[in-house]
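Undergrad: Just passing along the structure, written as structure tokens.
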Amino acid sequence: MPEPKQPEKLIDDKGIRIDGRRLDQLRPIKLEVGILDKADGSAYIEQGKNKILVGVYGPREAHPKHIALPDRAVLRCRYRMAPFSVDERKNPAPSRREMELSKVIRESLESVVLTDLYPRTTIDVFIEVLQSDGGSRCAGITAASLALADAGIPMRELVAACAVGKIQGHMALDLSDAEDKYGEADLPVAWVPNANLVTLLQMDGILTTNEFEKGLTMALDACKTIHGMQQEALKKKYLVIKEVAEEREETEVVA
Amino acid sequence: MPEPKQPEKLIDDKGIRIDGRRLDQLRPIKLEVGILDKADGSAYIEQGKNKILVGVYGPREAHPKHIALPDRAVLRCRYRMAPFSVDERKNPAPSRREMELSKVIRESLESVVLTDLYPRTTIDVFIEVLQSDGGSRCAGITAASLALADAGIPMRELVAACAVGKIQGHMALDLSDAEDKYGEADLPVAWVPNANLVTLLQMDGILTTNEFEKGLTMALDACKTIHGMQQEALKKKYLVIKEVAEEREETEVVA
Amino acid sequence: MPEPKQPEKLIDDKGIRIDGRRLDQLRPIKLEVGILDKADGSAYIEQGKNKILVGVYGPREAHPKHIALPDRAVLRCRYRMAPFSVDERKNPAPSRREMELSKVIRESLESVVLTDLYPRTTIDVFIEVLQSDGGSRCAGITAASLALADAGIPMRELVAACAVGKIQGHMALDLSDAEDKYGEADLPVAWVPNANLVTLLQMDGILTTNEFEKGLTMALDACKTIHGMQQEALKKKYLVIKEVAEEREETEVVA
Amino acid sequence: MSFTPQLPPVAKLEQKTVVDLVANGKRIDDRTADSYRQLHIQVGLIEKANGSAQVHLGKSKVLVGVKVETGTPFPDTPDEGVLTVNAELGPLASPLFETGPPSEQAIELARVIDRGIRESKAVDMKSLVLLKGKKVQVVFVDIYILDHDGNLIDAASIAALAALASAKMLKAELKGDEVVYKPGLHSLPLNNHPVAVTFAKVGKTIVVDPVLEEEQVMNARLTVTIEKNGNICAMQKGGLSGFTQDELKTVVHLAVQKAAENRAKILAAAKG
Amino acid sequence: MSFTPQLPPVAKLEQKTVVDLVANGKRIDDRTADSYRQLHIQVGLIEKANGSAQVHLGKSKVLVGVKVETGTPFPDTPDEGVLTVNAELGPLASPLFETGPPSEQAIELARVIDRGIRESKAVDMKSLVLLKGKKVQVVFVDIYILDHDGNLIDAASIAALAALASAKMLKAELKGDEVVYKPGLHSLPLNNHPVAVTFAKVGKTIVVDPVLEEEQVMNARLTVTIEKNGNICAMQKGGLSGFTQDELKTVVHLAVQKAAENRAKILAAAKG
Amino acid sequence: MSFTPQLPPVAKLEQKTVVDLVANGKRIDDRTADSYRQLHIQVGLIEKANGSAQVHLGKSKVLVGVKVETGTPFPDTPDEGVLTVNAELGPLASPLFETGPPSEQAIELARVIDRGIRESKAVDMKSLVLLKGKKVQVVFVDIYILDHDGNLIDAASIAALAALASAKMLKAELKGDEVVYKPGLHSLPLNNHPVAVTFAKVGKTIVVDPVLEEEQVMNARLTVTIEKNGNICAMQKGGLSGFTQDELKTVVHLAVQKAAENRAKILAAAKG
């Protein structure tokens, strides 16, 4: 499909962005937990036009065996874009970008998973970007946390993630595709709220140190909001299960 | 090499095909058994311009070990076209077509091999298409059965295979390259006669259900004929060996 | 970078080559031993514009295990050209030429290493051509011998290597890039002096049998010279170490 | 190289249950031998694709995206567009699937779907040419398996047809060397509606739309793809054993009927 | 797929020593928390490259070669040249590295260096166009790790900038279809000078330019790349844990200062 | 990465037998040290190839097919056709061979054969140009090993020359942008006839045309390729040990003689 054209302005005279948001406003977010049958845990996120599905398997026997660690589970992570997820079809072969993001996403999750409970196993996180719209790595982390929780993997807490960026000279929250493409900088952040640790941080573009500080604060505030949504989503899933459990005898539920 | 041109008609007014055959007539078939030195069993088939060599190794230790099965031998099969086997040179890297055919050919042979006699081993079937002329997967199966038998692998019975197709609105047996290319449908079939099981069946093109039924009958009749030829070929090989054995003291024979 | 142009003559009226050498003259050679920190042994060679670094690891546990040999160490060798080592940038993926040279270089070294002292291990030789200027495989062997010695791997003796070639109808020692490209033949040779064994020999171009014999003699004479330089380089390294050892207490040295 | 697959350990008792049920005209999920699981089709989920459809067939879930882009024709068909079908059986969908390049199962799946579309001449390939021999439109059909509970071929076939039938594209033209797009969305030119129907032979009985547990004990599998006029346009047998001639005849006729039922649902869903 | 790396067995005692030293304001090689190891930069070693630089950062050694060749622009940037950064973390440099295709560590390294150069608009991409949309100059930056004793990102960043800043190229022009080169060497057009500064969090302390032993016990890593005006042009966090907001603020300011110091050394070395 | 190969376990006693025989001027198959096994050459087996030859050298069997197609020249040789030699040492031919991408043994084999053809200027590369720098004919020489009983290099070299010498091709011309073929078959333009002769050093003795059992105990291997005027056009030493200077001199002279004998047989067979 031909790419959308560059908008004339990213912010109008009233400080409103092309999709109608204020600078500090998140895109609409929808979270669902437990929507896959075969995966041990799963979650789905829509954030703007991002549509991302995450499945978690494990703890399970490490395969191949030589990657196993004697004192903890190996966390494995794959971030993958469907060929139809972007304007120009993506070649299905793994790209260097996908490999890099798989690594930094894994590193954003490592510190919250209690891997030492499951030595010699793997915990596998598969992030499938069905449609991408700027900030997909952050949305992927947000959903991955939920999928890990849904799989019953013991975690210290949930990780929330959100990007912030610079468009037309202003720091703005949660950039969309067009803002990312025609803006001046992008700064994806993942945060572990209680431990107060930023576990993913990347940046490209140009930022002054002041802009960085301001942007980081905006991002962490947004992570707080998202963290609340994550807890709601988990509750909703478990409420549903509870109701179902009362109707039927088993606790199994069709998503 | 430039491809041959499209013939004006595939069937002439007398119902005779471009290579002089009637609709229900097979191409000339030549079978040879035991023609390779290193392989445990081998066979060679010419069917029309198809020239196909099959070598069998096994039962032998599974390598890599993790593919081994505890209760049966693993059957492995590779269908491969030599780069010079077709009009336009084939890239030596395995194609998706070769991978699919390796699978369906393997599945056509699985049920006749007594794999449960050799747990934890592999039986390897290598089908090398030296020249291809339509119907190579069927010719490959016919020869593979012989090579398995030549390797002394216990089998319930031999598998015979033959394609049938539709050209100029008529069902015709054993399509050649040009008939396959300019015809309307191709229906390769492998048959295990005594068990009365069709173990390979594929189709592309357009067939009515009646045409399918008619074609299937034609194909099975041809398989019967081919099955007879296979038995002849095996006898001949063993007769030769017997004679040689009487001359020399060993039963080894140079193909 | 655009390639240098073809010189009008490779040898002038006085028998002098484009870089000022006589036909039987080597290019300037510089050898250094023990210049890497992490490798168990290392060496660096400059020969003309060749700049080649060799690192040796081992004997160490074989990985993957199935390549181990029960009665000797496995010698592994990789010859690799940096992308910037040649006029036109080399694709980083291993080329067929690199794979062939890795093999013949390994085979040139196998007979001098006392591999039977270290069964079930590997000894790894990594040859990195940082800049290439004709004769890089021979220079690589010369440096690899030193790196093996530097790693303390027991060897029968050092291997020395040098190419000879034919330019404008004359046999000439140690061809440079331009001579190799515009000359008539190239004959790389590796020699184990005391065992009197030629352990690498390749040739491309056209040589009469007489030219071959003459060229071989020239190459072996040059190998003798290079062998002397190798021993000097090793002595120098160990002298330095000795001095250092007297100053400090450990024998470790920064290259 | 293809080799006998390693099936996950299924308890003998469970295997027997599945086989016994089928032998007695029943199935593990209470269907009859000739009925499909519940089919749910949703089109247009992926706005960035020209067409898309998500199909739930029981608990199996498949997403197909269709993209139309500009490319080069194959040298031997200069006056036709290009159709490419690709399938990803990723590890998300099943503990049976692994990362890495497409498995033989993924390749077989893609090729069977491809054959149905191609042989029925569903996509009008001639209309996709921009400049003969030089520039054509390429139709990518990407099959993404999300949850594998059996019979992925039919789920993918249904999703592919729904995605194609609901696809919208801009009209492309060549201006000199460059491709320009005219305003206004058009449907992808579709002449036929192939639908795959898959059967499994469990014990001596043949069932349609096998669920995963049935696939794990089946002797053989047969897919019959039927085009809109009730003719066969593709077939593919799978599995370690085979079918008798009589079984094949029966199955083909049942396929015609089942394909028609599913086709109606697909086209209804594609219209929205 | 990315997975938790298997670190080589380092004795617990040794690990404790490294952490304890840092906790007490000291380091295993006697540096302060905010000082770099000795930096040695040599340019022009590789005559066949347009530019090259070998950097010793303590015992870490990196060689970068820059080549400029003629190629095709990307379709979406027809009026820009191409920049390609590639890194080889070969088995020569460390027992931790293996043969084979680039590891995720090599890819991350190359992409971080790439981002610094690209986002700071260091290479003047517009000036590399020979014929819009058809022929441009391609700048290859190849990073070759020779010895790995920690902080490869900074060593590679320094070597890349030194190689670019010292690179010489022939002026290329199109004559009809062919590329011709005019006599005389020119500098590669360079508008900015990005420098990466990497920190490791060891225990609760942050140190700059971590040596290998520190990397093996660090909780997290942060690279901040600073362009010539003191702005940030790239960041990359690595490692299994993270940083607090306050730590990040501190680190960014320190990065500005350290980058300026190293930039001066690089540009001095590049001038010869 | 190249590594010391794992030879199949051959009983020590058997190894000793082979070595002892050779030491006593005998061989396991009753030949003299300087004689070849029986050589059988058949050309034209593959009608779809421009040229083909099947060679039996004792029990070793090799099939070579030659195809001529239209393609693009290399940028640095715009006025020459392209020659590509490829070898497949597939698992059909020996339990020592595996599936997968070409092994280093296959690559070495192909490159040695390639060098003999290329360096002797056997194929007239200039005559293969259709449009300088744009379109040339590409000669593919594909070597397929069918049965490996030793000395594959010579068997492949003989088959390659026989296939090239018997190859027929249509005359291609450019009409505007398109390649058209004129009626009538021509021989492939061949100016030279390189023949490889391979020796093995078993114990202290050198034998020609080693059989597999001899290869498994040999100290070293030497291939000498001789062109039609009796000059050397390629050499390749293999194996874990080496040759003395005197041995090399002897071997080269013997190669000239053996190549002439085999060349006569090849050209006779190629004529049919």
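A note on labels: chains of the structure tokens are A, B, ... as shown, every chain counts residues from 1, and ligands are counted from 1 in their shown order.
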Can you superpose chain D onto chain E by least squares over all C-alpha atoms paired in order and give the moved copy as a CSV table (one decimal) with C-alpha atoms, in the first residue's frame?
TA:
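Contents of selection-v4.csv, freshly written:
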```csv
chain,number,residue,atom,x,y,z
D,1,MET,CA,15.2,-15.3,19.4
D,2,SER,CA,17.0,-13.5,22.2
D,3,PHE,CA,17.8,-15.5,25.3
D,4,THR,CA,19.5,-14.9,28.7
D,5,PRO,CA,23.2,-15.3,27.9
D,6,GLN,CA,25.3,-17.9,29.5
D,7,LEU,CA,28.1,-16.0,31.2
D,8,PRO,CA,31.5,-17.7,31.6
D,9,PRO,CA,32.0,-19.0,35.1
D,10,VAL,CA,33.6,-16.2,37.1
D,11,ALA,CA,34.6,-17.2,40.6
D,12,LYS,CA,32.2,-15.7,43.2
D,13,LEU,CA,35.2,-14.3,45.0
D,14,GLU,CA,36.4,-12.5,42.0
D,15,GLN,CA,33.0,-11.1,41.4
D,16,LYS,CA,32.8,-9.9,44.9
D,17,THR,CA,36.1,-8.2,44.7
D,18,VAL,CA,35.0,-6.2,41.6
D,19,VAL,CA,31.8,-5.1,43.3
D,20,ASP,CA,33.4,-4.3,46.6
D,21,LEU,CA,36.1,-2.2,44.9
D,22,VAL,CA,33.5,-0.2,43.0
D,23,ALA,CA,31.4,0.3,46.2
D,24,ASN,CA,34.4,1.8,47.8
D,25,GLY,CA,35.0,4.3,45.0
D,26,LYS,CA,37.8,2.2,43.5
D,27,ARG,CA,38.1,0.0,40.5
D,28,ILE,CA,40.0,-3.2,39.6
D,29,ASP,CA,42.4,-1.2,37.3
D,30,ASP,CA,42.8,1.7,39.7
D,31,ARG,CA,40.7,4.2,37.9
D,32,THR,CA,38.0,6.5,39.4
D,33,ALA,CA,34.4,5.9,38.6
D,34,ASP,CA,34.3,8.6,36.0
D,35,SER,CA,37.5,8.1,34.1
D,36,TYR,CA,38.3,6.2,30.9
D,37,ARG,CA,41.1,3.8,30.4
D,38,GLN,CA,44.0,4.9,28.3
D,39,LEU,CA,42.8,5.7,24.8
D,40,HIS,CA,45.1,5.3,21.8
D,41,ILE,CA,43.9,6.2,18.3
D,42,GLN,CA,45.7,5.5,15.0
D,43,VAL,CA,44.3,6.4,11.7
D,44,GLY,CA,45.1,5.3,8.1
D,45,LEU,CA,46.4,1.8,8.9
D,46,ILE,CA,44.4,0.3,6.0
D,47,GLU,CA,45.5,2.0,2.8
D,48,LYS,CA,42.8,0.2,0.7
D,49,ALA,CA,40.0,1.7,2.8
D,50,ASN,CA,39.0,5.3,2.3
D,51,GLY,CA,39.3,5.7,6.0
D,52,SER,CA,40.4,3.5,8.9
D,53,ALA,CA,41.2,3.8,12.6
D,54,GLN,CA,42.5,1.4,15.1
D,55,VAL,CA,41.5,2.2,18.7
D,56,HIS,CA,43.0,0.7,21.9
D,57,LEU,CA,40.8,1.4,24.9
D,58,GLY,CA,42.8,-0.2,27.6
D,59,LYS,CA,43.2,-3.7,26.3
D,60,SER,CA,40.1,-3.6,24.1
D,61,LYS,CA,41.1,-3.2,20.4
D,62,VAL,CA,38.8,-2.2,17.6
D,63,LEU,CA,39.6,-1.6,13.9
D,64,VAL,CA,37.1,0.3,11.7
D,65,GLY,CA,37.4,0.6,8.0
D,66,VAL,CA,35.3,3.0,5.9
D,67,LYS,CA,34.7,2.3,2.2
D,68,VAL,CA,32.8,4.5,-0.3
D,69,GLU,CA,31.3,2.7,-3.3
D,70,THR,CA,28.7,3.3,-5.9
D,71,GLY,CA,25.3,1.9,-5.4
D,72,THR,CA,21.5,2.3,-5.5
D,73,PRO,CA,19.6,4.5,-3.1
D,74,PHE,CA,16.7,3.2,-1.0
D,75,PRO,CA,13.3,3.7,-2.8
D,76,ASP,CA,12.0,5.9,0.0
D,77,THR,CA,15.1,8.2,0.1
D,78,PRO,CA,16.0,8.7,-3.6
D,79,ASP,CA,17.9,11.9,-2.9
D,80,GLU,CA,20.2,10.5,-0.2
D,81,GLY,CA,23.3,8.3,-0.2
D,82,VAL,CA,23.4,5.1,1.8
D,83,LEU,CA,25.1,4.5,5.1
D,84,THR,CA,25.7,0.9,6.3
D,85,VAL,CA,27.2,0.0,9.6
D,86,ASN,CA,28.3,-3.6,10.2
D,87,ALA,CA,30.1,-5.2,13.1
D,88,GLU,CA,32.0,-8.4,13.4
D,89,LEU,CA,32.5,-9.8,16.9
D,90,GLY,CA,34.6,-12.7,15.7
D,91,PRO,CA,36.1,-15.5,17.8
D,92,LEU,CA,39.6,-14.0,17.5
D,93,ALA,CA,38.7,-11.3,20.0
D,94,SER,CA,37.3,-13.3,22.8
D,95,PRO,CA,36.5,-16.9,24.0
D,96,LEU,CA,33.0,-15.5,24.4
D,97,PHE,CA,32.5,-14.9,20.7
D,98,GLU,CA,31.7,-17.6,18.2
D,99,THR,CA,31.9,-18.1,14.4
D,100,GLY,CA,28.7,-17.8,12.4
D,101,PRO,CA,26.3,-15.1,11.4
D,102,PRO,CA,26.3,-11.9,13.5
D,103,SER,CA,25.1,-12.5,17.1
D,104,GLU,CA,22.5,-10.2,18.7
D,105,GLN,CA,25.4,-8.5,20.5
D,106,ALA,CA,27.1,-7.7,17.2
D,107,ILE,CA,23.8,-6.5,15.7
D,108,GLU,CA,23.1,-4.3,18.7
D,109,LEU,CA,26.6,-2.8,18.6
D,110,ALA,CA,26.3,-2.0,14.9
D,111,ARG,CA,22.9,-0.5,15.3
D,112,VAL,CA,23.9,1.7,18.2
D,113,ILE,CA,26.9,3.1,16.3
D,114,ASP,CA,24.7,3.5,13.2
D,115,ARG,CA,22.1,5.4,15.2
D,116,GLY,CA,24.6,7.9,16.5
D,117,ILE,CA,26.0,8.6,13.1
D,118,ARG,CA,22.6,8.7,11.4
D,119,GLU,CA,20.6,10.7,13.9
D,120,SER,CA,23.3,13.4,14.4
D,121,LYS,CA,23.3,13.7,10.5
D,122,ALA,CA,27.1,13.3,10.7
D,123,VAL,CA,27.5,12.1,7.1
D,124,ASP,CA,26.1,14.6,4.6
D,125,MET,CA,23.8,12.1,2.8
D,126,LYS,CA,22.5,14.6,0.2
D,127,SER,CA,26.0,15.2,-1.1
D,128,LEU,CA,26.4,11.5,-1.9
D,129,VAL,CA,23.8,11.5,-4.7
D,130,LEU,CA,25.1,11.0,-8.3
D,131,LEU,CA,21.8,10.6,-10.0
D,132,LYS,CA,18.6,11.0,-8.0
D,133,GLY,CA,16.8,7.7,-7.4
D,134,LYS,CA,19.3,5.8,-9.5
D,135,LYS,CA,22.9,6.1,-8.3
D,136,VAL,CA,24.4,7.2,-5.1
D,137,GLN,CA,27.5,6.7,-3.0
D,138,VAL,CA,27.3,4.1,-0.3
D,139,VAL,CA,29.4,4.6,2.8
D,140,PHE,CA,30.3,1.3,4.5
D,141,VAL,CA,31.5,1.5,8.1
D,142,ASP,CA,32.8,-2.0,9.0
D,143,ILE,CA,33.7,-2.5,12.7
D,144,TYR,CA,36.1,-5.3,13.4
D,145,ILE,CA,36.7,-6.3,17.0
D,146,LEU,CA,40.2,-7.5,17.6
D,147,ASP,CA,40.4,-7.9,21.4
D,148,HIS,CA,37.5,-7.7,23.8
D,149,ASP,CA,38.3,-6.4,27.3
D,150,GLY,CA,35.0,-4.6,27.8
D,151,ASN,CA,33.2,-1.5,26.5
D,152,LEU,CA,33.3,-2.3,22.8
D,153,ILE,CA,30.6,0.2,22.1
D,154,ASP,CA,32.7,3.2,23.0
D,155,ALA,CA,35.8,1.8,21.4
D,156,ALA,CA,33.8,1.2,18.2
D,157,SER,CA,32.2,4.6,18.3
D,158,ILE,CA,35.5,6.3,18.7
D,159,ALA,CA,37.1,4.3,15.9
D,160,ALA,CA,34.1,4.9,13.6
D,161,LEU,CA,34.3,8.6,14.1
D,162,ALA,CA,38.1,8.7,13.7
D,163,ALA,CA,37.8,6.6,10.5
D,164,LEU,CA,35.1,8.8,9.0
D,165,ALA,CA,36.8,12.1,10.0
D,166,SER,CA,40.1,10.9,8.4
D,167,ALA,CA,38.5,9.4,5.3
D,168,LYS,CA,39.6,10.6,1.9
D,169,MET,CA,37.6,9.9,-1.3
D,170,LEU,CA,37.8,10.5,-5.0
D,171,LYS,CA,35.1,12.8,-6.4
D,172,ALA,CA,32.7,10.6,-8.5
D,173,GLU,CA,30.6,11.7,-11.4
D,174,LEU,CA,28.3,10.1,-13.8
D,175,LYS,CA,29.2,10.2,-17.5
D,176,GLY,CA,26.2,8.8,-19.2
D,177,ASP,CA,25.7,5.5,-17.5
D,178,GLU,CA,29.2,5.1,-16.1
D,179,VAL,CA,30.8,6.4,-12.9
D,180,VAL,CA,34.0,8.2,-13.5
D,181,TYR,CA,36.4,9.5,-10.8
D,182,LYS,CA,38.1,12.9,-10.9
D,183,PRO,CA,41.7,13.2,-9.8
D,184,GLY,CA,42.4,14.6,-6.3
D,185,LEU,CA,41.3,13.3,-2.9
D,186,HIS,CA,38.6,15.0,-0.9
D,187,SER,CA,37.4,14.5,2.7
D,188,LEU,CA,34.3,12.6,3.3
D,189,PRO,CA,31.6,15.2,3.9
D,190,LEU,CA,31.1,15.2,7.7
D,191,ASN,CA,28.7,17.6,9.5
D,192,ASN,CA,28.7,16.2,13.0
D,193,HIS,CA,30.8,14.2,15.4
D,194,PRO,CA,28.8,11.8,17.6
D,195,VAL,CA,30.6,10.1,20.5
D,196,ALA,CA,29.1,7.3,22.5
D,197,VAL,CA,29.7,7.2,26.3
D,198,THR,CA,28.9,4.0,28.1
D,199,PHE,CA,28.2,3.4,31.8
D,200,ALA,CA,27.8,0.3,33.9
D,201,LYS,CA,25.9,0.0,37.1
D,202,VAL,CA,27.9,-2.2,39.4
D,203,GLY,CA,26.2,-2.7,42.7
D,204,LYS,CA,24.7,0.7,43.4
D,205,THR,CA,27.5,2.6,41.8
D,206,ILE,CA,27.8,3.8,38.2
D,207,VAL,CA,31.1,3.7,36.4
D,208,VAL,CA,32.1,4.9,33.0
D,209,ASP,CA,34.0,2.8,30.4
D,210,PRO,CA,33.5,-0.6,32.1
D,211,VAL,CA,36.3,-3.2,31.8
D,212,LEU,CA,35.3,-6.8,31.0
D,213,GLU,CA,35.3,-7.8,34.7
D,214,GLU,CA,32.9,-5.0,35.5
D,215,GLU,CA,30.6,-5.9,32.6
D,216,GLN,CA,30.4,-9.5,33.9
D,217,VAL,CA,29.0,-8.3,37.2
D,218,MET,CA,27.1,-5.2,36.2
D,219,ASN,CA,23.4,-4.9,36.8
D,220,ALA,CA,22.8,-2.7,33.8
D,221,ARG,CA,24.5,-0.7,31.0
D,222,LEU,CA,23.7,2.6,29.5
D,223,THR,CA,25.1,4.2,26.3
D,224,VAL,CA,24.5,7.9,25.7
D,225,THR,CA,25.7,9.2,22.4
D,226,ILE,CA,26.4,13.0,22.3
D,227,GLU,CA,26.7,15.1,19.2
D,228,LYS,CA,29.0,18.1,18.8
D,229,ASN,CA,26.5,20.6,20.3
D,230,GLY,CA,26.1,18.6,23.5
D,231,ASN,CA,22.8,17.1,22.6
D,232,ILE,CA,21.9,13.5,22.9
D,233,CYS,CA,21.5,11.7,19.6
D,234,ALA,CA,21.2,8.1,20.7
D,235,MET,CA,20.7,6.0,23.8
D,236,GLN,CA,20.7,2.3,24.5
D,237,LYS,CA,20.2,0.6,27.8
D,238,GLY,CA,21.5,-3.0,28.2
D,239,GLY,CA,21.8,-5.6,30.9
D,240,LEU,CA,19.3,-7.5,33.0
D,241,SER,CA,18.3,-4.8,35.5
D,242,GLY,CA,17.8,-1.0,35.1
D,243,PHE,CA,18.4,2.5,36.3
D,244,THR,CA,16.5,4.9,38.5
D,245,GLN,CA,15.3,8.2,37.1
D,246,ASP,CA,17.9,10.1,39.2
D,247,GLU,CA,20.7,7.9,38.0
D,248,LEU,CA,19.7,8.6,34.4
D,249,LYS,CA,19.8,12.3,34.9
D,250,THR,CA,23.3,12.2,36.4
D,251,VAL,CA,24.6,9.9,33.8
D,252,VAL,CA,23.4,12.0,30.9
D,253,HIS,CA,25.2,15.1,32.2
D,254,LEU,CA,28.4,13.1,32.7
D,255,ALA,CA,28.1,11.8,29.2
D,256,VAL,CA,28.1,15.3,27.7
D,257,GLN,CA,31.4,16.0,29.5
D,258,LYS,CA,33.1,12.7,28.7
D,259,ALA,CA,32.0,12.9,25.0
D,260,ALA,CA,33.6,16.3,24.6
D,261,GLU,CA,36.9,15.1,26.1
D,262,ASN,CA,37.0,12.0,23.8
D,263,ARG,CA,35.8,14.0,20.8
D,264,ALA,CA,38.8,16.3,21.1
D,265,LYS,CA,41.2,13.4,21.1
D,266,ILE,CA,39.4,11.8,18.1
D,267,LEU,CA,39.6,14.9,16.0
D,268,ALA,CA,43.2,15.5,16.9
D,269,ALA,CA,44.1,11.9,15.9
D,270,ALA,CA,42.1,12.1,12.7
D,271,LYS,CA,44.0,15.2,11.6
D,272,GLY,CA,47.2,13.2,12.2
```
Undergrad: Among the residues of segment 79-207 of chain D, find those DSSP assigns to strand (DSSP E or B) from the backbone and print them as a ChimeraX atom specification.
TA: /D:82-88,123,129-131,135-147,168-175,178-187,190,195-202,205-207
Undergrad: Find the distance between atom CA of Leu23 of chain C and atom CA of Asp174 of chain C and write it in Å to one decimal.
TA: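 Distance between the two atoms: 8.8 Å.
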Undergrad: Distance atom CA of Lys235 of chain A-atom CA of Ile35 of chain A, one decimal place?
TA: 14.5 Å
Undergrad: Do me a favour and pick out the residues of chain A within 10 Å of chain D, using only C-alpha atoms, as a VMD selection string.
TA: chain A and resid 1 to 3 35 to 40 42 49 to 51 53 to 58 78 80 82 to 89 92 to 94 124 to 128 130 to 133 254 to 255
Undergrad: Please provide as a PyMOL selection string all residues within 7 Å of segment 134-146 of chain A, with the sequence filter that same-chain residues fewer than 5 positions apart are discarded (counting only C-alpha atoms).
TA: chain A and resi 33+43-45+47+50+52+54+105+125+127+158-163+174-177+180+188+190+230
Undergrad: Would you mind listing, as a PDB file with all heavy atoms, in the first residue's frame, all residues of chain A that have at least one atom within 12 Å of chain B, where only C-alpha atoms are what counts?
TA:
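Once written, part17.pdb looks like this:
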```pdb
ATOM      1  N   HIS A  63      15.269 -26.280  25.362  1.00  0.00           N
ATOM      2  CA  HIS A  63      15.516 -26.996  24.108  1.00  0.00           C
ATOM      3  C   HIS A  63      16.064 -26.001  23.109  1.00  0.00           C
ATOM      4  O   HIS A  63      15.370 -25.052  22.768  1.00  0.00           O
ATOM      5  CB  HIS A  63      14.205 -27.620  23.604  1.00  0.00           C
ATOM      6  CG  HIS A  63      14.299 -28.166  22.217  1.00  0.00           C
ATOM      7  ND1 HIS A  63      14.933 -29.333  21.941  1.00  0.00           N
ATOM      8  CD2 HIS A  63      13.876 -27.667  21.029  1.00  0.00           C
ATOM      9  CE1 HIS A  63      14.874 -29.551  20.629  1.00  0.00           C
ATOM     10  NE2 HIS A  63      14.244 -28.549  20.065  1.00  0.00           N
ATOM     11  N   PRO A  64      17.277 -26.056  22.602  1.00  0.00           N
ATOM     12  CA  PRO A  64      18.237 -27.134  22.875  1.00  0.00           C
ATOM     13  C   PRO A  64      18.785 -27.045  24.300  1.00  0.00           C
ATOM     14  O   PRO A  64      18.846 -25.967  24.867  1.00  0.00           O
ATOM     15  CB  PRO A  64      19.348 -26.880  21.853  1.00  0.00           C
ATOM     16  CG  PRO A  64      19.272 -25.409  21.567  1.00  0.00           C
ATOM     17  CD  PRO A  64      17.831 -25.041  21.695  1.00  0.00           C
ATOM     18  N   LYS A  65      19.224 -28.187  24.794  1.00  0.00           N
ATOM     19  CA  LYS A  65      19.592 -28.277  26.203  1.00  0.00           C
ATOM     20  C   LYS A  65      20.754 -27.380  26.606  1.00  0.00           C
ATOM     21  O   LYS A  65      20.837 -26.931  27.740  1.00  0.00           O
ATOM     22  CB  LYS A  65      19.939 -29.734  26.554  1.00  0.00           C
ATOM     23  CG  LYS A  65      18.692 -30.551  26.852  1.00  0.00           C
ATOM     24  CD  LYS A  65      19.033 -31.997  27.140  1.00  0.00           C
ATOM     25  CE  LYS A  65      17.758 -32.823  27.173  1.00  0.00           C
ATOM     26  NZ  LYS A  65      17.998 -34.258  27.089  1.00  0.00           N
TER      27      LYS A  65
END
```
Undergrad: Write out as a list in words which residues come within 10 Å of Arg22 of chain A when counting only C-alpha atoms, dropping same-chain ones fewer than 6 positions away.
TA: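 The residues that qualify are Ile11, Lys14, Gly15, Ile16, Ala172 and Leu173 of chain A.
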Undergrad: From the DSSP assignment of the backbone, select every residue of segment 5-140 of chain E that is helix (DSSP H, G or I), and format the answer as an MDAnalysis selection string.
TA: chainID E and resid 12:23 104:119 125:128
